[in-house]
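A quick write-up on the structure given underneath.
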2 protein chains.
Amino acid sequence: MMRSGQVTIKDIAKELNISCSTVSRALKDFPGISPATKKAVTDLADKYNYRPNAIALSLRNQKTNVIGVIIPETVHFFFSTVISGIEDAAMKEGYNVMICQSNESYEREADSIDALMGARVDGLLVSISRETADLDHLKKVKDEGTPMVFFDRLVEGMNASSVIIDDYQGAYDATEHLIEQDSKNIVHLTGPSNLIIGRKRKEGYISALEDHQIPVREEYIVECRKGTQEEAEQVMAKLLSTGMAIDGVFASNDVAALGALMAVKKAGLKIPRDIAIVGFSNWQFSSLVEPGLTSISQPGYEIGQQAAQLILEEINSKEKGKSQIKILDTELIVRGSSTRK
Amino acid sequence: MMRSGQVTIKDIAKELNISCSTVSRALKDFPGISPATKKAVTDLADKYNYRPNAIALSLRNQKTNVIGVIIPETVHFFFSTVISGIEDAAMKEGYNVMICQSNESYEREADSIDALMGARVDGLLVSISRETADLDHLKKVKDEGTPMVFFDRLVEGMNASSVIIDDYQGAYDATEHLIEQDSKNIVHLTGPSNLIIGRKRKEGYISALEDHQIPVREEYIVECRKGTQEEAEQVMAKLLSTGMAIDGVFASNDVAALGALMAVKKAGLKIPRDIAIVGFSNWQFSSLVEPGLTSISQPGYEIGQQAAQLILEEINSKEKGKSQIKILDTELIVRGSSTRK
DNA sequence: TGGGCTGTTTCAATCGATTGCAAATCGTGG
DNA sequence: CCACGATTTGCAATCGATTGAAACAGCCCA
């Protein structure tokens with residue numbers, strides 16, 4: 001039988017010459033429907049592969065069972081791992097996921113939020129773009145009462161739940177590890193300074209130095225604004241050419257660490273003998289380069305899961321305003337790039 | 001002003017003491033609305049940040065402006081690149097994207113399709129899981145008239161549009177490159193045999209050998225079923241231990257190639273001098289290992305874009321049944337692992 | 001035969017936005 | 001002062017599913 005589109009309750013009602021209400025109740029096993037009717041309805045529903053129209057239900061129930069996700073870029077291993085965690089946790093509770101990537105652009109982030117709000121998502125999971133400084137688009141969401149949870153990138157001044165990793169502690173661990181491997185002149189390559197994660201990592205680096213009575217020198221802290229491998233390589237090459245004493249590098253991400261690694265190699269220095277290197281994020285490639293890159297592993301999947309759970313809690317509870325922050329632990333993954341002992 | 005939820009046309013109508021129809025027409029710049037009314041409406045809409053309820057529109061127009069995507073795993077670099085292409089192309093046309101990952105499981109794939117069909121997506125982009133052999137769940141979609149486009153993994157017997165890469169030619173190029181670099185005894189590590197892409201790559205390998213008058217020997221073609229690096233490493237180590245003459249490896253994916261690379265290194269052989277290696281997919285890490293891995297680059301972003309464009313065409317044209325297959329070219333990326341000359 | 005009762009089924013409104021058609025309002029001319 | 005266009009606005013139905021309330025059927029007993 002050829003039909004166009006999916007079957008509705010109305011189609012079934014018409015074919016059986018009964019009302020929509022009866023069909024609806026029969027399908028939902030409501031009391032007060034005769035066994036004969038119930039069987040006729042369920043048989044026909046099976047035959048036509050009836051699926052309740054989620055759109056109609058959304059409109060009636062004022063609930064879409066969809067979670068919106070704003071993410072800087074899906075192509076980053078870390079973020080795609082987060083998505084995986086979100087998807088699994090959401091699907092388990094009968095929610096679908098709508099994903100928009102901001103490509104680290106403020107404008108696209110704002111557009112995406114508008115689109116998701118128009119789609120009436122029940123909640124928003126947001127990791128803001130690097131560019132985002134103005135928070136008006138996020139405040140509107142809050143004002144309209146849509147639950148929102150931030151992940152990975154903390155947003156200050158929003159009073160919203162967040163799931164982040166302990167960037168401070170991770171950076172502290174990384175720096176301390178370098179110190180324990182006898183590095184004393186440790187360069188820190190930072191990311192763009194407007195992201196809180198970058199500041200936290202810098203603080204961890206500084207605290208570790210101070211706790212080990214190593215002077216903190218400003219010229220050893222260098223910003224890599226763009227976050228590309230090439231940029232980090234150039235920055236590192238420049239540092240090396242100054243003749244500064246350098247025996248360790250802590251980069252705030254693995255791409256930068258890799259750039260530094262390349263620069264050190266090209267300068268004819270040995271890793272880890274002359275310069276030990278530690279990155280951050282434990283990307284997929286970190287174990288594959290030569291030597292293997294010591295890094296701080298971020299539990300992306302868990303971040304996604306917890307963020308999804310948090311937003312589902314907020315959606316299902318009526319009390320707003322109780323925001324909580326979950327801080328997940330990082331793990332130091334030691335590989336060849338820093339192992340001297 | 002505190003309100004719960006987003007503003008509707010009704011709210012605006014009530015506040016201005018006019019009817020919903022008037023508000024709707026004013027917002028859409030319909031003729032026959034007095035300038036005064038129009039201004040009052042648009043001002044209030046701005047003030048309350050009115051967004052049309054996409055759910056209500058979907059129900060009325062029988063069109064959700066949402067594209068569903070079924071993907072094996074988002075954490076694969078290739079697939080996340082595809083998603084990026086899909087998202088960009090879809091957003092440009094005012095569509096949102098709903099993503100479900102099958103995790104290479106048939107059951108989850110079928111569930112996801114059910115969920116997306118329930119959400120009344122306007123079209124489906126599907127890359128089937130490794131496990132999928134039964135096509136009933138896909139045929140139901142077709143029968144109900146929902147446009148569907150396959151990408152990357154071709155499905156036989158479905159008469160649906162597809163966007164794939166030229167696996168045959170890519171494999172041919174890879175193998176021929178090895179031959180030109182003086183490899184004559186070339187091992188081919190294949191993927192699981194139920195995916196068409198694996199078969200095509202094997203055919204490309206065989207054709208290249210035949211075209212260069214090199215005998216095809218079955219014992220040089222070995223299946224890596226699981227697709228992990230460890231498996232490939234074991235398989236390769238075993239081959240080397242037999243004493244077979246081997247001076248080249250063409251792996252059907254980069255993970256396997258990397259495993260082979262490790263095994264060759266551990267056996268004390270030099271790459272590319274003793275054994276040259278070529279992979280497939282040009283993963284992110286391929287350029288970072290030592291030596292850099294020669295590979296076949298797949299245009300993931302373009303696949304996503306074209307797949308999205310195809311599905312949008314099918315959605316917007318009423319004529320069904322004209323399915324087309326787009327085959328995108330691969331590119332040989334030469335790096336150290338195969339460069340002898 | 002009618003009142004009461006149980007067991008089934010239908011009616012009508014709802015959610016938000018749109019739209020053909022009808023109606024109300026206005027200004028103006030006879 | 002009314003009638004007649006012209007302009008502006010409202011009514012009601014629609015999309016699919018749900019649900020409280022009302023209606024209807026059949027049956028028993030007085």
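By convention here, the chains of the structure tokens are called A, B, ... in the order presented, each chain's residues are numbered starting at 1, and ligands are numbered starting at 1 in the order presented.
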
Which neighbours of stretch 20-22 of chain C fall inside 10 Å, counting only C-alpha atoms (C1' of nucleotides), when residues of the same chain fewer than 3 positions from it are skipped, and could you give them as JSON, numbers by chain?
{"D": [10, 11, 12, 13]}

Please report as a PyMOL selection string which residues of chain C come no farther than 8 Å from chain A, using only C-alpha atoms (C1' of nucleotides).
chain C and resi 7-10+14-16

Residues of the last selection are to be written out with C-alpha atoms (C1' of nucleotides), as a short mmCIF file (atom, residue, chain, number, x, y, z; two decimals), in the first residue's frame.
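Okay, part_35.cif is ready:
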data_model
loop_
_atom_site.label_atom_id
_atom_site.label_comp_id
_atom_site.auth_asym_id
_atom_site.auth_seq_id
_atom_site.Cartn_x
_atom_site.Cartn_y
_atom_site.Cartn_z
"C1'" DG C 7 -18.94 -0.19 30.06
"C1'" DT C 8 -17.51 2.21 25.77
"C1'" DT C 9 -17.09 5.80 22.89
"C1'" DT C 10 -17.26 10.60 21.29
"C1'" DT C 14 -5.70 22.68 24.04
"C1'" DC C 15 -0.79 23.70 22.37
"C1'" DG C 16 1.22 28.16 18.51
#

Mobile chain B fitted to chain A over all in-order Cα pairs, reported as a short mmCIF file (atom, residue, chain, number, x, y, z; two decimals) with C-alpha atoms, in the first residue's frame:
data_model
loop_
_atom_site.label_atom_id
_atom_site.label_comp_id
_atom_site.auth_asym_id
_atom_site.auth_seq_id
_atom_site.Cartn_x
_atom_site.Cartn_y
_atom_site.Cartn_z
CA MET B 1 0.00 -0.03 0.09
CA MET B 2 1.28 3.33 -0.98
CA ARG B 3 0.86 6.22 1.36
CA SER B 4 2.72 9.45 1.58
CA GLY B 5 4.10 10.43 4.93
CA GLN B 6 3.77 8.62 8.19
CA VAL B 7 0.57 7.24 9.66
CA THR B 8 -1.34 9.28 12.22
CA ILE B 9 -3.90 8.41 14.80
CA LYS B 10 -6.47 9.90 12.50
CA ASP B 11 -5.62 7.45 9.72
CA ILE B 12 -6.08 4.53 12.05
CA ALA B 13 -9.31 5.97 13.45
CA LYS B 14 -10.74 6.45 9.98
CA GLU B 15 -9.87 2.96 8.83
CA LEU B 16 -11.52 1.42 11.88
CA ASN B 17 -14.42 3.88 11.96
CA ILE B 18 -13.74 4.92 15.51
CA SER B 19 -12.65 8.18 17.09
CA CYS B 20 -9.15 9.47 17.63
CA SER B 21 -9.62 9.42 21.39
CA THR B 22 -10.28 5.71 21.33
CA VAL B 23 -7.25 5.03 19.22
CA SER B 24 -5.09 7.13 21.51
CA ARG B 25 -6.36 5.35 24.59
CA ALA B 26 -6.02 1.94 23.02
CA LEU B 27 -2.41 2.63 22.14
CA LYS B 28 -1.62 3.83 25.64
CA ASP B 29 -3.34 0.93 27.36
CA PHE B 30 -5.88 3.13 29.08
CA PRO B 31 -8.60 1.42 31.08
CA GLY B 32 -12.04 1.32 29.56
CA ILE B 33 -11.16 0.14 26.11
CA SER B 34 -12.62 -3.18 25.01
CA PRO B 35 -10.11 -5.90 24.23
CA ALA B 36 -11.45 -6.19 20.69
CA THR B 37 -10.94 -2.52 19.92
CA LYS B 38 -7.55 -2.52 21.53
CA LYS B 39 -6.40 -5.42 19.43
CA ALA B 40 -7.73 -3.94 16.21
CA VAL B 41 -5.92 -0.68 16.92
CA THR B 42 -2.59 -2.13 17.95
CA ASP B 43 -2.60 -4.51 15.01
CA LEU B 44 -3.17 -1.71 12.56
CA ALA B 45 -0.59 0.45 14.29
CA ASP B 46 1.94 -2.32 13.91
CA LYS B 47 1.02 -2.94 10.32
CA TYR B 48 1.47 0.70 9.38
CA ASN B 49 4.50 1.16 11.61
CA TYR B 50 2.79 3.92 13.56
CA ARG B 51 5.06 6.31 15.45
CA PRO B 52 3.62 9.02 17.69
CA ASN B 53 4.27 12.41 16.14
CA ALA B 54 6.82 13.95 18.45
CA ILE B 55 6.05 17.39 17.08
CA ALA B 56 2.41 17.22 18.07
CA LEU B 57 3.36 15.89 21.49
CA SER B 58 5.89 18.65 21.95
CA LEU B 59 3.31 21.27 21.18
CA ARG B 60 0.77 19.83 23.55
CA ASN B 61 3.14 19.02 26.39
CA GLN B 62 5.27 22.12 25.99
CA LYS B 63 8.26 19.83 26.02
CA THR B 64 10.35 18.70 23.09
CA ASN B 65 12.64 16.14 24.70
CA VAL B 66 15.45 17.75 22.78
CA ILE B 67 18.65 19.12 24.25
CA GLY B 68 20.51 21.80 22.35
CA VAL B 69 24.29 21.79 22.30
CA ILE B 70 26.51 24.70 21.36
CA ILE B 71 30.07 23.64 20.78
CA PRO B 72 33.05 25.49 19.36
CA GLU B 73 34.09 22.82 16.86
CA THR B 74 33.08 19.22 16.44
CA VAL B 75 36.34 18.35 14.73
CA HIS B 76 38.33 18.65 17.92
CA PHE B 77 38.87 15.26 19.44
CA PHE B 78 38.08 16.53 22.89
CA PHE B 79 34.76 18.05 21.87
CA SER B 80 33.66 15.11 19.80
CA THR B 81 34.29 12.97 22.86
CA VAL B 82 32.12 15.30 24.89
CA ILE B 83 29.37 15.02 22.28
CA SER B 84 29.57 11.29 22.53
CA GLY B 85 29.02 11.47 26.30
CA ILE B 86 26.14 13.88 25.91
CA GLU B 87 24.47 11.77 23.26
CA ASP B 88 24.70 8.58 25.27
CA ALA B 89 23.35 10.13 28.44
CA ALA B 90 20.57 11.95 26.60
CA MET B 91 19.45 8.99 24.54
CA LYS B 92 19.27 6.86 27.67
CA GLU B 93 16.62 9.23 29.01
CA GLY B 94 14.72 9.47 25.74
CA TYR B 95 16.10 12.80 24.63
CA ASN B 96 17.45 13.80 21.26
CA VAL B 97 20.36 16.11 20.73
CA MET B 98 20.54 19.09 18.42
CA ILE B 99 24.06 20.29 17.80
CA CYS B 100 25.28 23.63 16.49
CA GLN B 101 28.91 24.55 16.21
CA SER B 102 29.95 28.14 16.68
CA ASN B 103 33.28 27.77 14.91
CA GLU B 104 34.60 29.98 17.68
CA SER B 105 32.54 32.89 16.32
CA TYR B 106 30.38 35.06 18.57
CA GLU B 107 27.89 35.86 15.86
CA ARG B 108 27.34 32.27 14.90
CA GLU B 109 27.02 31.34 18.55
CA ALA B 110 24.25 33.89 19.02
CA ASP B 111 22.49 32.74 15.84
CA SER B 112 22.70 29.13 16.92
CA ILE B 113 21.23 29.90 20.30
CA ASP B 114 18.37 31.71 18.61
CA ALA B 115 17.76 28.75 16.34
CA LEU B 116 17.77 26.28 19.23
CA MET B 117 15.50 28.47 21.34
CA GLY B 118 13.15 28.74 18.37
CA ALA B 119 13.17 24.95 18.21
CA ARG B 120 12.10 25.08 21.88
CA VAL B 121 14.82 22.81 23.17
CA ASP B 122 14.20 21.80 26.78
CA GLY B 123 17.71 22.79 27.79
CA LEU B 124 20.98 24.10 26.46
CA LEU B 125 24.50 22.79 26.91
CA VAL B 126 26.99 25.46 26.04
CA SER B 127 30.71 25.72 25.63
CA ILE B 128 31.27 29.33 24.65
CA SER B 129 33.45 30.41 21.77
CA ARG B 130 36.83 32.04 22.20
CA GLU B 131 35.41 35.26 20.85
CA THR B 132 32.51 35.53 23.26
CA ALA B 133 32.82 38.39 25.70
CA ASP B 134 29.30 39.83 25.65
CA LEU B 135 26.86 37.60 27.52
CA ASP B 136 23.52 39.14 26.54
CA HIS B 137 22.50 36.25 24.32
CA LEU B 138 23.07 33.85 27.20
CA LYS B 139 21.24 36.01 29.71
CA LYS B 140 18.17 36.08 27.49
CA VAL B 141 18.07 32.31 27.62
CA LYS B 142 18.24 32.36 31.39
CA ASP B 143 15.57 35.05 31.62
CA GLU B 144 13.19 32.97 29.57
CA GLY B 145 13.63 30.15 32.02
CA THR B 146 15.35 27.63 29.78
CA PRO B 147 17.81 25.51 31.76
CA MET B 148 21.40 26.00 30.68
CA VAL B 149 24.59 24.23 31.67
CA PHE B 150 28.08 25.24 30.66
CA PHE B 151 30.81 22.73 30.06
CA ASP B 152 34.56 22.90 29.73
CA ARG B 153 34.63 26.66 29.41
CA LEU B 154 33.41 28.35 32.54
CA VAL B 155 31.41 31.56 32.18
CA GLU B 156 31.66 34.09 34.96
CA GLY B 157 28.70 36.08 36.13
CA MET B 158 25.95 33.79 34.85
CA ASN B 159 24.92 31.78 37.91
CA ALA B 160 24.54 28.62 35.88
CA SER B 161 25.58 25.06 36.53
CA SER B 162 28.84 24.03 34.96
CA VAL B 163 30.93 20.96 34.37
CA ILE B 164 34.59 21.70 34.08
CA ILE B 165 37.87 20.02 34.69
CA ASP B 166 40.32 21.09 37.33
CA ASP B 167 42.57 23.10 35.05
CA TYR B 168 44.48 24.54 37.95
CA GLN B 169 45.30 21.17 39.42
CA GLY B 170 46.08 19.66 36.03
CA ALA B 171 48.56 22.42 35.29
CA TYR B 172 49.99 22.10 38.78
CA ASP B 173 50.51 18.38 38.29
CA ALA B 174 52.10 18.90 34.89
CA THR B 175 54.51 21.49 36.20
CA GLU B 176 55.35 19.56 39.32
CA HIS B 177 56.06 16.52 37.18
CA LEU B 178 58.56 18.55 35.17
CA ILE B 179 60.19 19.77 38.37
CA GLU B 180 60.47 16.23 39.68
CA GLN B 181 62.20 15.33 36.46
CA ASP B 182 64.81 17.96 37.32
CA SER B 183 63.54 20.75 35.11
CA LYS B 184 64.06 24.15 36.70
CA ASN B 185 63.76 26.56 33.81
CA ILE B 186 60.28 25.80 32.59
CA VAL B 187 58.64 27.70 29.77
CA HIS B 188 54.86 27.97 29.82
CA LEU B 189 53.10 28.38 26.50
CA THR B 190 49.63 29.74 27.26
CA GLY B 191 46.49 29.92 25.15
CA PRO B 192 44.44 33.05 24.47
CA SER B 193 44.09 34.96 27.73
CA ASN B 194 40.35 35.66 27.59
CA LEU B 195 39.42 32.06 28.34
CA ILE B 196 39.28 31.22 31.99
CA ILE B 197 40.80 27.81 31.40
CA GLY B 198 43.98 29.51 30.19
CA ARG B 199 44.20 31.65 33.29
CA LYS B 200 43.63 28.68 35.58
CA ARG B 201 46.36 26.71 33.92
CA LYS B 202 48.74 29.59 34.27
CA GLU B 203 47.91 29.82 37.97
CA GLY B 204 48.58 26.13 38.40
CA TYR B 205 51.95 26.52 36.72
CA ILE B 206 52.87 29.45 38.95
CA SER B 207 51.76 27.75 42.15
CA ALA B 208 53.77 24.65 41.38
CA LEU B 209 56.89 26.72 40.81
CA GLU B 210 56.35 28.69 44.00
CA ASP B 211 55.71 25.60 46.06
CA HIS B 212 59.09 24.30 44.92
CA GLN B 213 60.89 27.57 45.53
CA ILE B 214 61.50 28.19 41.87
CA PRO B 215 61.31 31.82 40.81
CA VAL B 216 58.53 32.73 38.42
CA ARG B 217 59.91 34.76 35.52
CA GLU B 218 57.58 36.62 33.22
CA GLU B 219 59.76 36.04 30.16
CA TYR B 220 59.16 32.30 30.55
CA ILE B 221 55.41 32.74 30.07
CA VAL B 222 54.53 33.24 26.43
CA GLU B 223 51.12 33.49 24.84
CA CYS B 224 50.18 31.46 21.76
CA ARG B 225 47.15 33.34 20.64
CA LYS B 226 46.04 31.36 17.62
CA GLY B 227 46.65 27.94 19.07
CA THR B 228 48.17 26.44 15.93
CA GLN B 229 51.13 24.15 15.81
CA GLU B 230 53.02 26.51 13.51
CA GLU B 231 52.60 29.44 15.85
CA ALA B 232 53.90 27.43 18.80
CA GLU B 233 56.83 26.22 16.75
CA GLN B 234 57.79 29.76 15.83
CA VAL B 235 57.35 31.01 19.37
CA MET B 236 59.51 28.21 20.73
CA ALA B 237 62.20 28.65 18.09
CA LYS B 238 62.41 32.31 18.96
CA LEU B 239 62.79 31.54 22.65
CA LEU B 240 65.54 29.02 21.96
CA SER B 241 67.40 31.49 19.78
CA THR B 242 67.65 33.97 22.64
CA GLY B 243 69.94 31.66 24.51
CA MET B 244 67.67 31.57 27.55
CA ALA B 245 68.25 28.61 29.81
CA ILE B 246 65.37 26.23 29.07
CA ASP B 247 65.08 22.66 30.26
CA GLY B 248 61.32 22.18 30.30
CA VAL B 249 58.14 23.23 28.53
CA PHE B 250 54.58 23.12 29.80
CA ALA B 251 52.18 23.94 26.99
CA SER B 252 48.53 24.66 27.72
CA ASN B 253 47.47 22.34 24.91
CA ASP B 254 48.91 19.47 22.96
CA VAL B 255 49.00 21.23 19.64
CA ALA B 256 51.24 23.87 21.12
CA ALA B 257 53.31 21.18 22.83
CA LEU B 258 53.78 19.49 19.50
CA GLY B 259 54.94 22.74 17.93
CA ALA B 260 57.43 23.15 20.73
CA LEU B 261 58.56 19.57 20.26
CA MET B 262 59.24 20.22 16.59
CA ALA B 263 61.16 23.40 17.33
CA VAL B 264 63.31 21.68 19.94
CA LYS B 265 64.09 18.83 17.56
CA LYS B 266 65.01 21.21 14.78
CA ALA B 267 67.32 23.09 17.13
CA GLY B 268 69.23 19.83 17.51
CA LEU B 269 68.36 19.36 21.14
CA LYS B 270 67.32 16.03 22.63
CA ILE B 271 63.95 15.35 24.20
CA PRO B 272 63.65 14.73 27.10
CA ARG B 273 67.38 14.93 27.91
CA ASP B 274 67.86 18.62 27.14
CA ILE B 275 64.29 19.77 27.29
CA ALA B 276 61.34 17.90 28.76
CA ILE B 277 57.86 18.65 27.38
CA VAL B 278 54.37 18.27 28.82
CA GLY B 279 51.15 19.16 27.02
CA PHE B 280 47.51 19.41 28.01
CA SER B 281 44.41 17.55 26.78
CA ASN B 282 45.98 14.24 25.82
CA TRP B 283 44.89 14.33 22.21
CA GLN B 284 44.71 11.20 20.17
CA PHE B 285 48.02 11.88 18.49
CA SER B 286 49.87 12.45 21.76
CA SER B 287 50.79 8.81 22.11
CA LEU B 288 51.84 8.52 18.50
CA VAL B 289 54.53 11.15 18.14
CA GLU B 290 58.19 10.50 18.78
CA PRO B 291 58.81 10.65 21.64
CA GLY B 292 55.35 10.10 23.08
CA LEU B 293 54.00 13.31 24.53
CA THR B 294 53.38 13.48 28.26
CA SER B 295 50.04 15.17 28.75
CA ILE B 296 47.12 15.89 31.03
CA SER B 297 44.13 13.78 30.14
CA GLN B 298 40.71 15.43 30.27
CA PRO B 299 37.76 13.11 30.72
CA GLY B 300 35.75 14.37 27.74
CA TYR B 301 33.19 11.60 27.74
CA GLU B 302 32.51 12.06 31.46
CA ILE B 303 32.17 15.82 31.00
CA GLY B 304 29.53 15.19 28.38
CA GLN B 305 27.70 12.67 30.50
CA GLN B 306 27.69 14.81 33.61
CA ALA B 307 26.66 17.91 31.71
CA ALA B 308 23.76 16.00 30.18
CA GLN B 309 22.76 14.62 33.57
CA LEU B 310 22.87 18.08 35.11
CA ILE B 311 20.68 19.60 32.44
CA LEU B 312 18.22 16.73 32.70
CA GLU B 313 18.00 17.27 36.43
CA GLU B 314 17.31 20.94 35.92
CA ILE B 315 14.70 20.18 33.29
CA ASN B 316 12.91 17.72 35.52
CA SER B 317 12.99 19.75 38.69
CA LYS B 318 10.91 22.86 39.01
CA GLU B 319 13.23 24.65 41.38
CA LYS B 320 15.41 26.97 39.39
CA GLY B 321 18.37 28.90 40.59
CA LYS B 322 20.29 26.20 42.42
CA SER B 323 23.35 26.07 40.24
CA GLN B 324 26.16 23.69 40.96
CA ILE B 325 29.64 23.32 39.57
CA LYS B 326 31.15 19.93 38.96
CA ILE B 327 34.89 19.80 38.73
CA LEU B 328 36.31 16.65 37.22
CA ASP B 329 39.81 15.43 37.88
CA THR B 330 42.49 15.31 35.26
CA GLU B 331 45.12 12.66 35.00
CA LEU B 332 48.81 12.97 34.24
CA ILE B 333 49.75 10.62 31.43
CA VAL B 334 53.51 10.16 31.48
CA ARG B 335 55.24 9.35 28.21
CA GLY B 336 58.69 9.67 26.74
CA SER B 337 58.77 13.42 26.22
CA SER B 338 59.34 14.03 29.92
CA THR B 339 60.77 10.83 31.36
CA ARG B 340 64.32 11.29 32.56
CA LYS B 341 64.32 8.91 35.47
#

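For chain D, the residues within 9 Å of chain A are DC15, DG16, DA17, DT18 and DT19 of chain D, with only C-alpha atoms (C1' of nucleotides) used to measure distance.
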
Writing out the chosen residues with N, CA, C and O atoms (P, O5', C5', C4', C3', O3' and C1' of nucleotides) as a tab-separated table (two decimals), in the first residue's frame:
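This went into again_26.tsv:
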chain	number	residue	atom	x	y	z
D	15	DC	P	-5.85	18.88	8.80
D	15	DC	O5'	-4.38	18.76	9.44
D	15	DC	C5'	-3.23	19.25	8.76
D	15	DC	C4'	-2.10	19.39	9.76
D	15	DC	C3'	-2.06	18.25	10.77
D	15	DC	O3'	-1.17	17.25	10.30
D	15	DC	C1'	-1.71	20.41	11.81
D	16	DG	P	-1.66	15.70	10.47
D	16	DG	O5'	-1.39	15.41	12.01
D	16	DG	C5'	-0.05	15.17	12.44
D	16	DG	C4'	-0.06	14.84	13.92
D	16	DG	C3'	-0.89	13.62	14.30
D	16	DG	O3'	-0.06	12.82	15.12
D	16	DG	C1'	-1.55	15.47	15.61
D	17	DA	P	-0.57	11.43	15.69
D	17	DA	O5'	-0.88	11.85	17.20
D	17	DA	C5'	0.22	12.26	18.00
D	17	DA	C4'	-0.29	12.77	19.32
D	17	DA	C3'	-1.08	11.76	20.14
D	17	DA	O3'	-0.37	11.55	21.35
D	17	DA	C1'	-2.17	13.89	20.06
D	18	DT	P	-0.96	10.57	22.48
D	18	DT	O5'	-1.77	11.55	23.42
D	18	DT	C5'	-1.07	12.61	24.06
D	18	DT	C4'	-2.04	13.47	24.84
D	18	DT	C3'	-2.87	12.73	25.89
D	18	DT	O3'	-2.67	13.41	27.11
D	18	DT	C1'	-4.24	14.13	24.57
D	19	DT	P	-2.91	12.68	28.49
D	19	DT	O5'	-4.33	13.24	28.96
D	19	DT	C5'	-4.51	14.65	29.10
D	19	DT	C4'	-5.96	14.95	29.35
D	19	DT	C3'	-6.72	13.90	30.18
D	19	DT	O3'	-7.59	14.56	31.06
D	19	DT	C1'	-7.85	14.28	28.17

List every residue of stretch 88-175 of chain A that DSSP, applied to the backbone, labels as alpha helix (DSSP H), and write the result as a PyMOL selection string.
chain A and resi 88-92+106-118+136-143+167-175

Expected answer as a ChimeraX atom specification: strand (DSSP E) residues in stretch 103-138 of chain A
/A:123-126

Deliver the residues from the most recent selection as a file, using all heavy atoms, as a PDB file, in the first residue's frame.
ATOM      1  N   GLY A 123      16.625  22.204  27.079  1.00  0.00           N
ATOM      2  CA  GLY A 123      17.776  22.690  27.821  1.00  0.00           C
ATOM      3  C   GLY A 123      18.950  22.887  26.881  1.00  0.00           C
ATOM      4  O   GLY A 123      18.966  22.352  25.773  1.00  0.00           O
ATOM      5  N   LEU A 124      19.908  23.668  27.327  1.00  0.00           N
ATOM      6  CA  LEU A 124      21.069  23.974  26.489  1.00  0.00           C
ATOM      7  C   LEU A 124      22.361  23.589  27.203  1.00  0.00           C
ATOM      8  O   LEU A 124      22.559  23.940  28.370  1.00  0.00           O
ATOM      9  CB  LEU A 124      21.116  25.482  26.193  1.00  0.00           C
ATOM     10  CG  LEU A 124      20.459  26.008  24.933  1.00  0.00           C
ATOM     11  CD1 LEU A 124      20.683  27.509  24.820  1.00  0.00           C
ATOM     12  CD2 LEU A 124      21.018  25.307  23.708  1.00  0.00           C
ATOM     13  N   LEU A 125      23.212  22.907  26.486  1.00  0.00           N
ATOM     14  CA  LEU A 125      24.570  22.642  26.964  1.00  0.00           C
ATOM     15  C   LEU A 125      25.515  23.500  26.147  1.00  0.00           C
ATOM     16  O   LEU A 125      25.513  23.423  24.917  1.00  0.00           O
ATOM     17  CB  LEU A 125      24.928  21.166  26.787  1.00  0.00           C
ATOM     18  CG  LEU A 125      24.103  20.177  27.604  1.00  0.00           C
ATOM     19  CD1 LEU A 125      24.541  18.746  27.308  1.00  0.00           C
ATOM     20  CD2 LEU A 125      24.259  20.481  29.075  1.00  0.00           C
ATOM     21  N   VAL A 126      26.290  24.309  26.812  1.00  0.00           N
ATOM     22  CA  VAL A 126      27.089  25.303  26.077  1.00  0.00           C
ATOM     23  C   VAL A 126      28.551  25.275  26.482  1.00  0.00           C
ATOM     24  O   VAL A 126      28.889  25.250  27.669  1.00  0.00           O
ATOM     25  CB  VAL A 126      26.543  26.734  26.331  1.00  0.00           C
ATOM     26  CG1 VAL A 126      27.373  27.748  25.571  1.00  0.00           C
ATOM     27  CG2 VAL A 126      25.087  26.830  25.954  1.00  0.00           C
TER      28      VAL A 126
END
